[in-house]
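**Q** Sharing entry_38.cif below, mmCIF, C-alpha atoms and all ligand atoms:
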data_coords
loop_
_atom_site.label_atom_id
_atom_site.label_comp_id
_atom_site.auth_asym_id
_atom_site.auth_seq_id
_atom_site.Cartn_x
_atom_site.Cartn_y
_atom_site.Cartn_z
CA ILE A 234 51.52 109.99 159.89
CA GLN A 235 52.39 112.38 157.08
CA THR A 236 56.04 112.55 158.12
CA ARG A 237 56.28 108.79 158.43
CA LEU A 238 54.68 108.15 155.02
CA VAL A 239 56.82 110.76 153.27
CA ASP A 240 60.00 109.40 154.88
CA ASP A 241 59.12 105.84 153.84
CA ILE A 242 58.50 106.97 150.29
CA ALA A 243 61.79 108.86 150.12
CA ALA A 244 63.57 105.70 151.33
CA ALA A 245 61.88 103.31 148.86
CA GLY A 246 64.74 101.31 147.31
CA ASP A 247 63.11 100.46 143.98
CA LEU A 248 60.00 100.94 141.90
CA ASP A 249 58.30 97.82 143.34
CA ALA A 250 58.71 99.02 146.92
CA LEU A 251 57.44 102.45 145.90
CA GLU A 252 54.36 100.94 144.23
CA ALA A 253 53.61 98.93 147.40
CA LEU A 254 53.72 102.15 149.46
CA ARG A 255 51.43 103.89 146.97
CA VAL A 256 48.86 101.07 147.18
CA ALA A 257 49.08 101.06 150.99
CA ALA A 258 48.31 104.79 151.13
CA LEU A 259 46.22 105.65 148.08
CA GLY A 260 44.95 102.25 146.86
CA LYS A 261 41.34 101.10 147.25
CA ALA A 262 42.06 99.86 150.77
CA GLY A 263 44.76 102.42 151.50
CA SER A 264 45.08 104.37 154.70
CA ILE A 265 44.54 107.80 153.09
CA THR A 266 41.65 106.45 151.02
CA ALA A 267 40.07 105.26 154.29
CA LEU A 268 40.50 108.72 155.81
CA LEU A 269 38.88 110.32 152.78
CA LYS A 270 35.98 107.87 153.02
CA SER A 271 35.54 108.68 156.72
CA LEU A 272 34.75 112.31 155.82
CA GLY A 273 31.31 111.12 154.64
CA GLY A 274 30.31 109.98 158.12
CA MET A 275 31.41 113.14 159.95
CA THR A 276 29.36 116.04 161.18
CA PRO A 277 29.84 119.27 159.20
CA ASP A 278 32.01 120.68 161.98
CA GLU A 279 34.29 117.66 162.17
CA ARG A 280 34.50 117.65 158.34
CA GLN A 281 35.49 121.31 158.30
CA ALA A 282 38.22 120.68 160.84
CA GLN A 283 39.68 117.48 159.38
CA GLY A 284 38.93 117.80 155.64
CA PRO A 285 41.76 120.25 154.79
CA GLN A 286 44.27 118.20 156.83
CA ILE A 287 43.39 115.00 155.01
CA HIS A 288 43.63 116.70 151.62
CA THR A 289 46.99 118.24 152.53
CA LEU A 290 48.17 114.81 153.58
CA ARG A 291 47.05 113.27 150.28
CA GLU A 292 48.79 115.97 148.25
CA ALA A 293 52.03 115.67 150.23
CA VAL A 294 52.06 111.88 149.75
CA THR A 295 51.22 112.16 146.05
CA ALA A 296 54.05 114.66 145.53
CA ALA A 297 56.50 112.48 147.49
CA LEU A 298 55.55 109.45 145.33
CA ALA A 299 56.13 111.41 142.10
CA ASN A 300 59.51 112.72 143.33
CA ARG A 301 60.76 109.33 144.35
CA LYS A 302 59.56 107.74 141.10
CA ALA A 303 61.43 110.37 139.05
CA ALA A 304 64.59 109.76 141.10
CA LEU A 305 64.36 105.97 140.74
CA ASP A 306 63.69 106.23 136.95
CA ALA A 307 66.71 108.48 136.49
CA ALA A 308 68.92 106.08 138.45
CA ALA A 309 67.66 103.12 136.39
CA LEU A 310 68.44 105.00 133.16
CA ASP A 311 71.95 105.83 134.38
CA ILE A 312 72.62 102.16 135.08
CA LYS A 313 71.27 101.15 131.65
CA LEU A 314 73.33 103.80 129.86
CA ALA A 315 76.47 102.79 131.70
CA ALA A 316 75.92 99.16 130.71
CA GLU A 317 75.25 99.94 127.04
CA ALA A 318 77.94 102.51 126.50
CA ILE A 319 80.12 101.95 123.39
CA ASP A 320 83.75 102.83 123.77
CA MET A 321 84.55 104.55 120.50
CA SER A 322 88.24 104.60 121.31
CA LEU A 323 88.55 100.78 121.25
CA PRO A 324 90.16 99.41 118.07
CA ALA A 325 87.66 97.56 115.83
CA ASP A 326 87.91 93.79 115.34
CA ALA A 327 89.91 92.95 112.26
CA ALA A 328 87.65 91.59 109.49
CA PRO A 329 88.88 89.93 106.30
CA ARG A 330 88.85 92.36 103.41
CA GLY A 331 87.47 91.55 99.99
CA SER A 332 89.13 92.74 96.82
CA VAL A 333 88.24 93.25 93.20
CA HIS A 334 88.68 90.10 91.07
CA PRO A 335 91.46 90.41 88.46
CA VAL A 336 88.92 90.09 85.63
CA SER A 337 86.77 92.92 87.01
CA GLN A 338 89.91 94.92 87.68
CA VAL A 339 91.07 94.60 84.06
CA MET A 340 87.60 95.46 82.72
CA ASP A 341 87.59 98.60 84.88
CA GLU A 342 91.06 99.52 83.62
CA LEU A 343 89.97 99.05 80.00
CA ALA A 344 86.85 101.17 80.48
CA GLU A 345 89.04 103.91 81.93
CA ILE A 346 91.68 103.77 79.19
CA PHE A 347 89.05 103.86 76.45
CA ALA A 348 87.02 106.57 78.17
CA ASP A 349 90.08 108.80 77.74
CA MET A 350 89.80 108.15 73.98
CA GLY A 351 86.10 109.02 73.96
CA PHE A 352 84.64 105.50 74.03
CA ALA A 353 81.41 104.80 75.90
CA VAL A 354 80.63 101.41 77.46
CA ALA A 355 77.86 99.39 75.78
CA THR A 356 76.33 96.13 76.93
CA GLY A 357 74.17 93.36 75.57
CA PRO A 358 72.55 90.21 76.92
CA GLU A 359 74.45 86.96 77.37
CA ILE A 360 71.47 85.07 75.95
CA GLU A 361 71.36 86.06 72.29
CA ASP A 362 69.58 85.03 69.14
CA ASP A 363 71.47 83.49 66.26
CA TRP A 364 70.67 86.43 64.00
CA ARG A 365 72.63 88.93 66.12
CA ASN A 366 75.34 86.45 67.17
CA PHE A 367 75.92 85.07 63.63
CA THR A 368 73.73 86.05 60.66
CA ALA A 369 73.89 89.84 61.00
CA LEU A 370 77.66 89.50 61.48
CA ASN A 371 77.88 87.84 58.08
CA ILE A 372 78.52 84.40 59.51
CA PRO A 373 76.68 82.08 57.13
CA GLU A 374 74.77 78.98 58.21
CA THR A 375 77.67 76.81 57.09
CA HIS A 376 80.37 78.61 59.07
CA PRO A 377 82.24 76.27 61.46
CA ALA A 378 81.61 78.67 64.38
CA ARG A 379 78.00 77.57 64.17
CA ALA A 380 78.83 73.94 64.77
CA MET A 381 77.09 72.49 67.81
CA HIS A 382 80.31 71.71 69.63
CA ASP A 383 81.25 75.37 69.91
CA THR A 384 77.96 77.01 70.70
CA PHE A 385 75.60 76.41 73.59
CA TYR A 386 72.11 76.44 72.08
CA PHE A 387 68.80 76.60 73.94
CA PRO A 388 66.20 73.99 72.99
CA ASP A 389 63.56 76.60 72.10
CA THR A 390 63.45 79.45 69.61
CA ASP A 391 62.28 82.98 70.42
CA ALA A 392 58.92 84.49 69.34
CA GLU A 393 60.31 85.29 65.89
CA GLY A 394 61.55 81.74 65.40
CA ARG A 395 65.22 82.63 65.94
CA ALA A 396 67.45 80.04 67.60
CA MET A 397 68.54 81.19 71.08
CA LEU A 398 72.07 80.68 72.34
CA LEU A 399 74.69 81.87 74.81
CA ARG A 400 76.64 84.48 72.89
CA THR A 401 79.94 83.10 71.65
CA HIS A 402 81.56 86.54 71.45
CA THR A 403 80.78 90.17 72.30
CA SER A 404 80.36 91.04 68.59
CA PRO A 405 76.52 90.94 68.72
CA VAL A 406 76.83 94.14 70.78
CA GLN A 407 78.16 95.74 67.56
CA ILE A 408 74.84 94.86 65.91
CA ARG A 409 72.77 96.08 68.85
CA THR A 410 74.67 99.36 69.00
CA MET A 411 74.53 100.11 65.25
CA MET A 412 70.79 99.36 65.22
CA SER A 413 69.97 101.56 68.21
CA GLN A 414 72.41 104.46 67.88
CA GLU A 415 73.10 107.04 65.20
CA PRO A 416 76.74 107.21 64.11
CA PRO A 417 79.31 108.42 64.94
CA ILE A 418 79.74 105.49 67.31
CA ARG A 419 82.63 104.82 69.66
CA ILE A 420 82.00 102.04 72.15
CA ILE A 421 83.63 99.21 73.99
CA ALA A 422 81.51 96.27 75.15
CA PRO A 423 82.94 94.16 77.96
CA GLY A 424 81.21 90.97 79.05
CA ARG A 425 80.94 87.22 79.41
CA VAL A 426 80.93 84.91 76.43
CA TYR A 427 80.45 81.15 76.19
CA ARG A 428 81.94 78.33 74.15
CA SER A 429 81.81 74.62 74.71
CA ASP A 430 85.53 74.20 75.39
CA SER A 431 87.70 73.44 78.41
CA ASP A 432 91.44 73.03 79.05
CA ALA A 433 94.24 75.05 80.68
CA THR A 434 93.71 77.97 78.31
CA HIS A 435 89.97 77.58 77.58
CA THR A 436 87.00 77.74 79.92
CA PRO A 437 83.35 77.37 78.79
CA MET A 438 82.76 80.92 80.02
CA PHE A 439 85.30 83.66 79.50
CA HIS A 440 85.43 87.43 79.04
CA GLN A 441 85.90 89.64 76.02
CA VAL A 442 85.95 93.32 75.32
CA GLU A 443 84.62 94.39 71.95
CA GLY A 444 85.55 97.71 70.40
CA LEU A 445 83.58 99.45 67.67
CA VAL A 446 84.07 102.76 65.88
CA ILE A 447 81.71 103.90 63.12
CA ASP A 448 82.20 107.30 61.51
CA ARG A 449 82.98 108.89 58.16
CA GLY A 450 86.38 108.21 56.63
CA ILE A 451 87.63 105.69 59.18
CA HIS A 452 90.59 103.59 58.01
CA MET A 453 93.10 101.00 59.24
CA GLY A 454 95.41 103.76 60.55
CA HIS A 455 92.76 104.69 63.12
CA LEU A 456 92.52 101.05 64.15
CA LYS A 457 96.25 100.67 64.61
CA TRP A 458 96.65 103.94 66.52
CA THR A 459 93.76 103.08 68.82
CA LEU A 460 95.12 99.61 69.63
CA GLU A 461 98.65 100.91 70.11
CA THR A 462 97.51 103.66 72.47
CA PHE A 463 95.34 101.20 74.38
CA LEU A 464 98.06 98.54 74.74
CA LYS A 465 100.74 101.01 75.80
CA ALA A 466 98.42 102.35 78.48
CA TYR A 467 97.33 98.88 79.59
CA PHE A 468 100.83 97.36 79.84
CA GLU A 469 102.24 100.65 81.08
CA ARG A 470 105.18 100.62 78.70
CA ASP A 471 106.09 102.69 75.67
CA ASP A 472 108.26 100.17 73.85
CA ILE A 473 105.28 98.14 72.68
CA VAL A 474 105.08 97.41 68.97
CA LEU A 475 102.18 95.89 67.06
CA ARG A 476 102.22 93.35 64.27
CA LEU A 477 99.08 93.12 62.16
CA ARG A 478 98.80 89.76 60.44
CA PRO A 479 96.27 89.23 57.65
CA SER A 480 93.44 87.12 58.97
CA TYR A 481 89.82 86.33 58.33
CA PHE A 482 86.64 87.16 60.19
CA PRO A 483 83.33 87.17 58.32
CA PHE A 484 82.35 90.47 59.96
CA THR A 485 85.53 92.42 59.13
CA GLU A 486 87.18 93.06 55.78
CA PRO A 487 90.09 93.29 55.74
CA SER A 488 90.77 91.45 58.99
CA ALA A 489 93.91 91.47 61.07
CA GLU A 490 95.16 89.35 63.90
CA VAL A 491 97.14 91.63 66.20
CA ASP A 492 100.31 90.49 67.94
CA VAL A 493 101.92 92.63 70.55
CA GLY A 494 105.67 92.65 70.98
CA TYR A 495 108.27 94.26 73.16
CA LYS A 496 111.96 93.88 73.87
CA GLN A 497 112.62 91.01 76.23
CA GLU A 498 114.49 92.12 79.29
CA LYS A 499 116.94 89.72 80.89
CA GLY A 500 115.22 87.62 83.48
CA ARG A 501 111.80 88.91 82.53
CA ARG A 502 109.68 86.30 80.87
CA ILE A 503 106.36 86.94 79.26
CA VAL A 504 103.87 84.16 79.67
CA GLY A 505 103.11 82.66 76.28
CA GLY A 506 105.67 84.89 74.55
CA HIS A 507 107.90 83.83 71.67
CA GLY A 508 111.18 85.67 71.14
CA ASP A 509 112.31 86.63 67.63
CA ASP A 510 115.71 87.60 66.18
CA ASP A 511 115.36 91.23 67.33
CA GLY A 512 114.84 90.05 70.88
CA HIS A 513 111.13 90.86 70.66
CA ALA A 514 108.62 88.68 72.39
CA TRP A 515 105.41 88.37 70.38
CA MET A 516 102.06 87.43 71.68
CA GLU A 517 98.89 86.85 69.76
CA LEU A 518 96.43 89.15 71.42
CA LEU A 519 93.34 90.15 69.53
CA GLY A 520 91.20 89.98 66.42
CA SER A 521 90.31 93.09 64.50
CA GLY A 522 89.48 94.61 61.15
CA MET A 523 87.44 97.09 59.19
CA VAL A 524 83.74 96.45 59.74
CA ASN A 525 82.44 94.51 56.72
CA ARG A 526 80.16 96.62 54.47
CA ARG A 527 77.59 93.87 54.67
CA VAL A 528 77.43 94.13 58.46
CA ILE A 529 76.96 97.91 58.24
CA ALA A 530 74.17 97.39 55.70
CA ASN A 531 72.57 94.63 57.82
CA CYS A 532 72.18 97.22 60.57
CA GLY A 533 70.38 99.64 58.24
CA LEU A 534 73.31 102.03 57.70
CA ASP A 535 74.70 103.11 54.33
CA PRO A 536 78.21 101.59 54.00
CA ASP A 537 79.15 104.24 51.44
CA GLU A 538 78.66 106.90 54.08
CA TRP A 539 79.76 105.08 57.23
CA GLN A 540 82.89 103.03 57.80
CA GLY A 541 84.53 101.74 60.89
CA PHE A 542 86.74 99.26 62.65
CA ALA A 543 86.13 96.65 65.30
CA PHE A 544 88.25 94.52 67.55
CA GLY A 545 87.77 91.81 70.12
CA VAL A 546 90.16 90.92 72.91
CA GLY A 547 90.12 88.29 75.64
CA VAL A 548 90.00 89.99 79.04
CA ASP A 549 91.16 86.90 80.91
CA ARG A 550 94.18 86.67 78.63
CA LEU A 551 94.99 90.34 79.22
CA ALA A 552 94.83 89.73 82.97
CA MET A 553 97.05 86.65 82.73
CA LEU A 554 99.68 88.56 80.78
CA LYS A 555 99.72 91.56 83.09
CA TYR A 556 99.73 89.63 86.34
CA GLY A 557 101.78 86.59 85.25
CA MET A 558 99.04 84.02 85.83
CA ASP A 559 99.26 80.83 83.83
CA ASP A 560 96.13 78.74 84.36
CA LEU A 561 92.92 80.27 83.08
CA ARG A 562 90.71 77.87 85.02
CA ALA A 563 91.99 79.25 88.34
CA PHE A 564 90.26 82.54 87.48
CA PHE A 565 86.90 80.97 88.11
CA ASP A 566 87.67 78.73 91.12
CA GLY A 567 87.25 81.53 93.67
CA ASP A 568 90.23 80.18 95.63
CA LEU A 569 91.41 82.92 97.99
CA ARG A 570 94.90 81.42 98.20
CA TRP A 571 95.30 81.76 94.43
CA LEU A 572 93.90 85.29 94.45
CA SER A 573 96.14 86.48 97.27
CA HIS A 574 99.19 84.86 95.67
CA TYR A 575 98.73 87.34 92.83
CA GLY A 576 98.00 90.19 95.20
CA PHE A 577 94.23 90.18 94.92
CA GLY A 578 93.02 88.31 97.98
CA ALA A 579 92.65 89.36 101.60
N1 LIG B 1 84.53 88.20 67.66
C1 LIG B 1 85.86 87.73 67.36
C2 LIG B 1 86.16 86.50 68.21
O1 LIG B 1 85.49 86.24 69.17
C3 LIG B 1 86.89 88.79 67.63
C4 LIG B 1 86.76 89.97 66.74
C5 LIG B 1 85.98 91.04 67.11
C6 LIG B 1 87.43 90.02 65.55
C7 LIG B 1 85.88 92.14 66.29
C8 LIG B 1 87.32 91.11 64.72
C9 LIG B 1 86.55 92.17 65.09
O2 LIG B 1 87.08 85.77 67.94
#
As C-alpha cells, how would this structure be written, given the file I've shared?
Ligand code: PHE

**A**
Amino acid sequence: IQTRLVDDIAAAGDLDALEALRVAALGKAGSITALLKSLGGMTPDERQAQGPQIHTLREAVTAALANRKAALDAAALDIKLAAEAIDMSLPADAAPRGSVHPVSQVMDELAEIFADMGFAVATGPEIEDDWRNFTALNIPETHPARAMHDTFYFPDTDAEGRAMLLRTHTSPVQIRTMMSQEPPIRIIAPGRVYRSDSDATHTPMFHQVEGLVIDRGIHMGHLKWTLETFLKAYFERDDIVLRLRPSYFPFTEPSAEVDVGYKQEKGRRIVGGHGDDDGHAWMELLGSGMVNRRVIANCGLDPDEWQGFAFGVGVDRLAMLKYGMDDLRAFFDGDLRWLSHYGFGA
C-alpha cells in the first residue's frame, strides 16, 4: 500500500487533489491513522512486528506529500510569474506632456537674469493691508489709486484696524523687505497683483516683478545700467536702447517711466510698438525711480545713509512682447490650443 499511496501522491494534479489524498491517508478517518490506532489493540509481539512498518509507511507518505506540495507550489508560481511579467522592451504609451505656462516661464527667466546680478527673490502675501500697499509707500488717503474702483477691498479690517485688500502692485514687498532685512538689499519680487479692471490689455489679476536695491551711494546710473542689462538679456539683443521719461510715483523721487526701443527690422513688427524717425520702435515698459526718502524712513532706515532705486514691470506684458501674443485675457483661459500655438502646449 505504501507504493500505491506514494505513486498517487506523486501523480496528484493540483493542490486540491493532493489535500484529498492527505486526508484519506493521514486525516482523522484516514487509512494510516486507522493502522496507527490498531496498534493499541495488538499483543506486544504483534505491535513489535508491525509498529516499525506502520511508522515507516507514515513517514514515507508524509515525505511524498511535502515533495509533491513543493513541486505544485513552484509550478503555480511559475505560471503566475509568466502571467504578470512586464516586457520592459515594449515602447510606453504616449501621454500628453504638460509645459510651463508662459507667465511662469518669464518669471523663471527674470529670476535667473537677476540672480546673475546678485538679486535674491523675495515674496509677500497677495492679501495685504492698506498700510503696506499704500500708506508706507507714501500714497496718501486721497490718492486716486485708493479709489474703490481700482482696489479690491475685504469687508473686514485686521487686528490692528488696518483695511485689508488684494495687493494692487508688488511694491508692498519693498516695505516688507526693508523692514525685515538689513541693507544692503538687492531683491526682485515676482507675483500676482489685482485691480478691478478688464479689457484686452487688462485682467483683474495680473503679474508684476518688483525690483529693489538699497545701499550707500546708489544713484540713477545704477538704475539705468541694471534695467539695460536686464532688458538686453531678456530680449536677447544688444541693440536695445532705453528712454527714461519723467514720471510720478508717490514712492519714488525722481520717478521715470522707462520705454524700450530698438531698430525695427523689415518685416519684423513689435506688438504695441511705435516707430520714430530713427526707425526705432518704442514701447512703454516699466515704472521706476529712486526710492522716496519718506518710504525709506517709514521702514525705519535712515535716508541720509541709505538710498536706492526700485522698479516695477508687468510680467504678462513682457511675455506678450517676447512671444508675440496680443490678447492678455488668453493668458488665463488655460486653452491648450492657444498655448500650443505659441509653442507652450503639448
Ligand atoms: N508699483 C508701480 C505700479 O504698479 C510700479 C513701480 C514700482 C514704479 C516701483 C516705481 C517703482 O504701477

**Q** Quick one: residues within 7 Å of ligand LIG 1 (chain B), with all atoms listed in the file, as a short mmCIF file (atom, residue, chain, number, x, y, z; two decimals) with C-alpha atoms, keeping the file's coordinate frame?

**A**
data_model
loop_
_atom_site.label_atom_id
_atom_site.label_comp_id
_atom_site.auth_asym_id
_atom_site.auth_seq_id
_atom_site.Cartn_x
_atom_site.Cartn_y
_atom_site.Cartn_z
CA THR A 401 79.94 83.10 71.65
CA HIS A 402 81.56 86.54 71.45
CA THR A 403 80.78 90.17 72.30
CA SER A 404 80.36 91.04 68.59
CA GLU A 443 84.62 94.39 71.95
CA GLY A 444 85.55 97.71 70.40
CA PHE A 482 86.64 87.16 60.19
CA PHE A 484 82.35 90.47 59.96
CA THR A 485 85.53 92.42 59.13
CA SER A 488 90.77 91.45 58.99
CA LEU A 519 93.34 90.15 69.53
CA GLY A 520 91.20 89.98 66.42
CA SER A 521 90.31 93.09 64.50
CA GLY A 522 89.48 94.61 61.15
CA ALA A 543 86.13 96.65 65.30
CA PHE A 544 88.25 94.52 67.55
CA GLY A 545 87.77 91.81 70.12
CA VAL A 546 90.16 90.92 72.91
#

**Q** Measuring between all atoms listed in the file, which one of A:Leu551, A:Ile473, A:Thr459, A:Met558 shows the shortest distance to Ala514 of chain A?

**A**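 Between A:Leu551, A:Ile473, A:Thr459, A:Met558, the residue approaching Ala514 of chain A most closely is A:Ile473.
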
**Q** Could you tell me how far atom CA of Leu343 of chain A sits from atom CA of Phe439 of chain A, in Å to one decimal place?

**A**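 Atom CA of Leu343 of chain A lies at a distance of 16.1 Å from atom CA of Phe439 of chain A.
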
**Q** If you count all atoms listed in the file, which residues fall within 12 Å of segment 285-293 of chain A, apart from same-chain ones fewer than 6 positions away, as a list in words?

**A** Ile234, Gln235, Thr236, Arg237, Leu238, Val239, Asp240, Ile242, Ala243, Arg255, Ala258, Leu259, Gly260, Gly263, Ser264, Ile265, Thr266, Ala267, Leu268, Leu269, Lys270, Ser271, Leu272, Glu279, Ala299 and Asn300 of chain A

**Q** Quick one: pull the distance between atom CA of Asp448 of chain A and atom CA of Pro423 of chain A, Å, one decimal.

**A**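 Between atom CA of Asp448 of chain A and atom CA of Pro423 of chain A the gap works out to 21.1 Å.
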
**Q** So what do you get for atom CA of Lys465 of chain A versus atom CA of Lys555 of chain A, distance-wise?

**A**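 Between these atoms lies a distance of 12.0 Å.
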
**Q** Name the residues in contact with Val426 of chain A at a cut-off of 12 Å, using all atoms listed in the file, excluding same-chain residues fewer than 6 positions from it; report them as a PyMOL selection string.

**A** chain A and resi 357-361+366+383-385+398-406+435-443+545-549

**Q** Please provide the set of residues having any atom within 12 Å of Asp535 of chain A, restricted to all atoms listed in the file, with same-chain residues fewer than 3 positions apart removed, written as a list in words.

**A** Met411, Glu415, Pro416, Ile447, Asp448, Arg449, Asn525, Arg526, Arg527, Val528, Ile529, Ala530, Asn531, Cys532, Glu538, Trp539, Gln540 and Gly541 of chain A

**Q** Report the centre and edge lengths, in Å to one decimal, of an axis-aligned box enclosing every atom of segment 289-306 of chain A listed in the file, padded by 4 Å on each side, as lines of an AutoDock Vina configuration file.

**A**
center_x = 55.8
center_y = 112.1
center_z = 145.3
size_x = 25.6
size_y = 20.3
size_z = 24.6

**Q** I'd like to know which of A:Glu374, A:Asp568, A:Asp341, A:Asp241 is closest to Val294 of chain A, using only C-alpha atoms.

**A** A:Asp241

**Q** Using only C-alpha atoms, find the one residue out of A:Asp247, A:Asp320, A:Asp537, A:Glu393 that sits nearest to Asp362 of chain A.

**A** A:Glu393

**Q** Mind checking which residues fall within 12 Å of Trp571 of chain A, counting only C-alpha atoms, ignoring those fewer than 4 positions away in the same chain, and posting them as a list in words?

**A**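 My list of contacting residues is His334, Pro335, Met558, Asp559, Asp560, Leu561, Arg562, Ala563, Phe564, Phe565, Asp566, Gly567, Tyr575, Gly576, Phe577, Gly578 and Ala579 of chain A.
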
**Q** Around (77.2, 98.7, 71.5) in the file's own coordinates, what residues are found within 8 Å if you use only C-alpha atoms, given back as a list of chain:residue names?

**A**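 Output of the proximity query reads A:Val354, A:Ala355, A:Thr356, A:Gly357, A:Val406, A:Gln407, A:Ile408, A:Arg409, A:Thr410, A:Met411, A:Ile420, A:Ile421, A:Ala422, A:Leu445.
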
**Q** Pick out the closest residue to Arg395 of chain A from this set: A:Thr368, A:Leu305, A:Leu323, A:Met412. Count all atoms listed in the file.

**A** A:Thr368

**Q** Find, counting all atoms listed in the file, the residue in A:Asp363, A:Ser337, A:His376, A:Gly273 that gets nearest to Thr390 of chain A.

**A**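 Closest to Thr390 of chain A of all the choices is A:Asp363.
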
**Q** My list of candidates is A:Gln283, A:Gln414, A:Thr375, A:Ser573. Which is closest to Gly331 of chain A when distances are computed with only C-alpha atoms?

**A**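 Using only C-alpha atoms, Gly331 of chain A sits closest to A:Ser573.
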